[in-house]
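Visitor: Pasting a structure below so you can have a look.
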Amino acid sequence: MESDLVKIDSLSFSYHTLNGETRALENLSFSVKEGEFLAIVGPSGCGKSTILSLIAGLMEPESGGITFYGKNGKKPGIGYMLQHDHLFEWRNIWQNVTLGLEIQHKLTAENKEKVKKMLDDYGLAGFAYKRPGELSGGMKQRAALIRTLALEPEILLLDEPFSALDYQTRLTVSADIARIIRAEKKTVVLITHDLSEAVSLADRVLVLSKRPAYVKAEFSIHLTLPDDSLLAARKAPEYSEYFNQIWEELSDETQ
């Protein structure tokens, strides 16, 4: 039976500046099961990225709580991918993807072999000693994913990791990365503005209200697929209905 890896209970958070208080989240509650791919959509500025920062422990909630593996459970290893790859140009791809292992003093022979296999599996073996500037945007995002997976996190937080790519590359890379993540059996929380991406990639989609955000609607996604490709997902008979329902929920918040 699947269990909750993350549970968020009545979470509230505000940003404070010299100009006053901005309420970002209000009594936000949801959970993420082990192995689940969860997508979160909502109006711009509603606090989606704030949720990931709170899960990652980069900020503390004002009220409510976040628990892992049940109450008082251990905190899982967390991998965080942002909108940009943040690869260092002065390091080659091999040095970039092993940076986390190097910092944590885990660059063992065994871990090096795992990274080499990932580079090979994800089509980057021939580029290990190239600089990031010599790679395409999609290849750099794959390298950023390998860098994240090298530390073997139990949950991946993805903050619009494909938004900087052109549309065609975005389709290809998002499909590839989703396939990689599922093969690794990772738990994922994806923030995205792209409803097509949310419906075609996720097991479940949460729709947030405008700020201060709470969960307005939830959709469990079940698509009839001949294969696991992104194109098949977007051609599934159920796809349009999910897309339209989520769009209607979002439209109510932006009017």
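By order in the structure tokens, chains are A, B, ...; within a chain, residues start at 1; ligands start at 1, following the order shown.
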Determine, counting only C-alpha atoms, which protein, DNA and RNA residues have an atom within 8 Å of an atom of Lys186 in chain A; residues of the same chain fewer than 4 positions away are not included. Present the result as JSON, numbers by chain.

Guide: {"A": [34, 35, 36, 153, 154, 155, 156, 181, 182]}

Visitor: Only all heavy atoms, please: the residues just picked out, written as an mmCIF file, in the first residue's frame.

Guide:
data_model
loop_
_atom_site.group_PDB
_atom_site.id
_atom_site.type_symbol
_atom_site.label_atom_id
_atom_site.label_comp_id
_atom_site.auth_asym_id
_atom_site.auth_seq_id
_atom_site.Cartn_x
_atom_site.Cartn_y
_atom_site.Cartn_z
ATOM 1 N N GLU A 34 4.543 8.087 -1.864
ATOM 2 C CA GLU A 34 5.810 7.567 -2.383
ATOM 3 C C GLU A 34 5.619 7.104 -3.818
ATOM 4 O O GLU A 34 4.671 6.400 -4.143
ATOM 5 C CB GLU A 34 6.298 6.407 -1.520
ATOM 6 C CG GLU A 34 6.848 6.824 -0.167
ATOM 7 C CD GLU A 34 7.518 5.658 0.545
ATOM 8 O OE1 GLU A 34 8.585 5.218 0.081
ATOM 9 O OE2 GLU A 34 6.957 5.191 1.559
ATOM 10 N N GLY A 35 6.516 7.522 -4.701
ATOM 11 C CA GLY A 35 6.461 7.131 -6.099
ATOM 12 C C GLY A 35 5.493 7.922 -6.951
ATOM 13 O O GLY A 35 5.373 7.673 -8.148
ATOM 14 N N GLU A 36 4.812 8.893 -6.365
ATOM 15 C CA GLU A 36 3.823 9.674 -7.104
ATOM 16 C C GLU A 36 4.481 10.832 -7.851
ATOM 17 O O GLU A 36 5.451 11.422 -7.389
ATOM 18 C CB GLU A 36 2.769 10.221 -6.141
ATOM 19 C CG GLU A 36 1.652 11.002 -6.827
ATOM 20 C CD GLU A 36 0.585 11.490 -5.862
ATOM 21 O OE1 GLU A 36 0.906 11.727 -4.678
ATOM 22 O OE2 GLU A 36 -0.566 11.647 -6.290
ATOM 23 N N PRO A 153 18.431 11.284 -4.289
ATOM 24 C CA PRO A 153 17.347 11.834 -3.464
ATOM 25 C C PRO A 153 16.111 10.950 -3.543
ATOM 26 O O PRO A 153 15.893 10.263 -4.545
ATOM 27 C CB PRO A 153 17.083 13.197 -4.095
ATOM 28 C CG PRO A 153 17.454 12.989 -5.533
ATOM 29 C CD PRO A 153 18.641 12.069 -5.506
ATOM 30 N N GLU A 154 15.309 10.996 -2.510
ATOM 31 C CA GLU A 154 14.060 10.224 -2.504
ATOM 32 C C GLU A 154 12.896 11.014 -3.089
ATOM 33 O O GLU A 154 11.891 10.437 -3.500
ATOM 34 C CB GLU A 154 13.743 9.789 -1.074
ATOM 35 C CG GLU A 154 14.711 8.746 -0.554
ATOM 36 C CD GLU A 154 14.987 8.899 0.934
ATOM 37 O OE1 GLU A 154 15.681 9.837 1.324
ATOM 38 O OE2 GLU A 154 14.499 8.053 1.698
ATOM 39 N N ILE A 155 13.021 12.345 -3.088
ATOM 40 C CA ILE A 155 11.982 13.183 -3.674
ATOM 41 C C ILE A 155 12.643 14.257 -4.522
ATOM 42 O O ILE A 155 13.670 14.819 -4.143
ATOM 43 C CB ILE A 155 11.070 13.806 -2.593
ATOM 44 C CG1 ILE A 155 9.955 14.638 -3.244
ATOM 45 C CG2 ILE A 155 11.859 14.653 -1.598
ATOM 46 C CD1 ILE A 155 8.886 15.097 -2.279
ATOM 47 N N LEU A 156 12.056 14.521 -5.694
ATOM 48 C CA LEU A 156 12.550 15.554 -6.595
ATOM 49 C C LEU A 156 11.559 16.714 -6.621
ATOM 50 O O LEU A 156 10.358 16.512 -6.845
ATOM 51 C CB LEU A 156 12.711 15.010 -8.007
ATOM 52 C CG LEU A 156 13.878 14.052 -8.260
ATOM 53 C CD1 LEU A 156 13.767 13.474 -9.671
ATOM 54 C CD2 LEU A 156 15.202 14.764 -8.096
ATOM 55 N N ILE A 181 12.867 9.805 -14.643
ATOM 56 C CA ILE A 181 12.405 9.893 -13.251
ATOM 57 C C ILE A 181 11.549 8.681 -12.888
ATOM 58 O O ILE A 181 11.675 8.110 -11.806
ATOM 59 C CB ILE A 181 11.630 11.210 -13.041
ATOM 60 C CG1 ILE A 181 12.606 12.393 -13.053
ATOM 61 C CG2 ILE A 181 10.849 11.173 -11.731
ATOM 62 C CD1 ILE A 181 11.920 13.741 -13.087
ATOM 63 N N ARG A 182 10.671 8.282 -13.805
ATOM 64 C CA ARG A 182 9.818 7.123 -13.523
ATOM 65 C C ARG A 182 10.652 5.849 -13.454
ATOM 66 O O ARG A 182 10.379 4.971 -12.616
ATOM 67 C CB ARG A 182 8.723 7.011 -14.578
ATOM 68 C CG ARG A 182 7.676 8.114 -14.482
ATOM 69 C CD ARG A 182 6.496 7.851 -15.404
ATOM 70 N NE ARG A 182 5.560 8.956 -15.421
ATOM 71 C CZ ARG A 182 4.654 9.207 -14.487
ATOM 72 N NH1 ARG A 182 4.579 8.418 -13.433
ATOM 73 N NH2 ARG A 182 3.824 10.239 -14.591
#

Visitor: Any chance you could tabulate, as a tab-separated table, the residues of range 24-128 of chain A at most 9 Å from range 233-251 of chain A with each one's nearest atom pair and distance in Å to one decimal, using only C-alpha atoms, in chain and rising number order?

Guide:
residue	atom	partner	partner_atom	distance
A:Val41	CA	A:Leu250	CA	8.3
A:Gly42	CA	A:Leu250	CA	6.5
A:Pro43	CA	A:Leu250	CA	6.8

Visitor: How close does range 145-200 of chain A get to range 58-80 of chain A? List, as CSV, each residue of range 145-200 of chain A within 12 Å, its nearest atom pair and the distance in Å to one decimal, counting only C-alpha atoms.

Guide:
residue,atom,partner,partner_atom,distance
A:Leu145,CA,A:Gly79,CA,9.1
A:Ile146,CA,A:Gly79,CA,10.6
A:Arg147,CA,A:Gly79,CA,9.3
A:Thr148,CA,A:Gly79,CA,5.6
A:Leu149,CA,A:Gly79,CA,7.3
A:Ala150,CA,A:Gly79,CA,9.6
A:Leu151,CA,A:Gly79,CA,7.9
A:Glu152,CA,A:Gly77,CA,7.3
A:Pro153,CA,A:Gly77,CA,4.4
A:Glu154,CA,A:Gly77,CA,5.2
A:Ile155,CA,A:Ile78,CA,5.1
A:Leu156,CA,A:Gly79,CA,4.7
A:Leu157,CA,A:Tyr80,CA,4.8
A:Leu158,CA,A:Tyr80,CA,6.1
A:Asp159,CA,A:Tyr80,CA,7.8
A:Glu160,CA,A:Tyr80,CA,10.9
A:Pro161,CA,A:Tyr80,CA,9.8
A:Ile181,CA,A:Gly79,CA,11.7
A:Lys186,CA,A:Gly79,CA,10.2
A:Thr187,CA,A:Ile78,CA,9.8
A:Val188,CA,A:Gly79,CA,9.5
A:Val189,CA,A:Tyr80,CA,9.8
A:Leu190,CA,A:Tyr80,CA,10.2
A:Ile191,CA,A:Tyr80,CA,11.4

Visitor: So that I can check the secondary structure, give me every residue of range 157-254 of chain A assigned helix (DSSP H, G or I) by backbone DSSP, as a PyMOL selection string.

Guide: chain A and resi 167-183+195-201+230-235+239-254

Visitor: What does the distance between CA of Leu107 in chain A and CA of Ala143 in chain A come to in Å, to one decimal place?

Guide: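 Interatomic distance here is 16.8 Å.
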
Visitor: Given only C-alpha atoms as the basis, pick out the residue of A:Ala202, A:Ala183, A:Met139, A:Leu18 nearest to Leu165 in chain A.

Guide: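 Of A:Ala202, A:Ala183, A:Met139, A:Leu18, the one nearest Leu165 in chain A is A:Met139, counting only C-alpha atoms.
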
Visitor: Write down as a VMD selection string the residues of range 35-98 of chain A whose backbone DSSP state falls under strand (DSSP E).

Guide: chain A and resid 37 to 41 63 to 68 78 to 81

Visitor: Can I get the residues of range 40-106 of chain A within 10 Å of range 206-214 of chain A, each with the closest pair of atoms and their distance in Å to one decimal, using only C-alpha atoms, sorted chain first then ascending number, as CSV?

Guide:
residue,atom,partner,partner_atom,distance
A:Ile40,CA,A:Leu206,CA,4.8
A:Val41,CA,A:Val207,CA,5.1
A:Gly42,CA,A:Leu208,CA,4.7
A:Pro43,CA,A:Lys210,CA,5.7
A:Ser44,CA,A:Lys210,CA,8.0
A:Gly45,CA,A:Arg211,CA,7.0
A:Cys46,CA,A:Arg211,CA,4.4
A:Gly47,CA,A:Ala213,CA,6.6
A:Lys48,CA,A:Leu208,CA,8.1
A:Ile51,CA,A:Ala213,CA,10.0

Visitor: Give the answer as one residue: which of A:Ile55, A:Leu25, A:Ala39, A:Val173 has the shortest atom-to-atom distance to Val6 in chain A, using only C-alpha atoms?

Guide: A:Ile55

Visitor: Between CA of Thr169 in chain A and CA of Arg204 in chain A, what distance in Å does the model show, to one decimal?

Guide: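 Separation of CA of Thr169 in chain A and CA of Arg204 in chain A: 24.0 Å.
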
Visitor: Take CA of Lys112 in chain A and CA of Phe162 in chain A and report the distance between them in Å, one decimal.

Guide: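 It comes out at 26.7 Å.
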
Visitor: Nearest residue to Glu134 in chain A out of A:Ser10, A:Asn92, A:Gln83, A:Ser31, using only C-alpha atoms?

Guide: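 For Glu134 in chain A, the nearest of the given residues is A:Asn92.
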
Visitor: Return the single residue from A:Leu54, A:Arg142, A:Leu225, A:Arg170 that is closest to Asp194 in chain A, with distances computed using only C-alpha atoms.

Guide: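 Closest candidate: A:Arg170.
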
Visitor: Nearest residue to Gln141 in chain A out of A:Val32, A:Ala128, A:Ile177, A:Ala109, using only C-alpha atoms?

Guide: A:Ile177
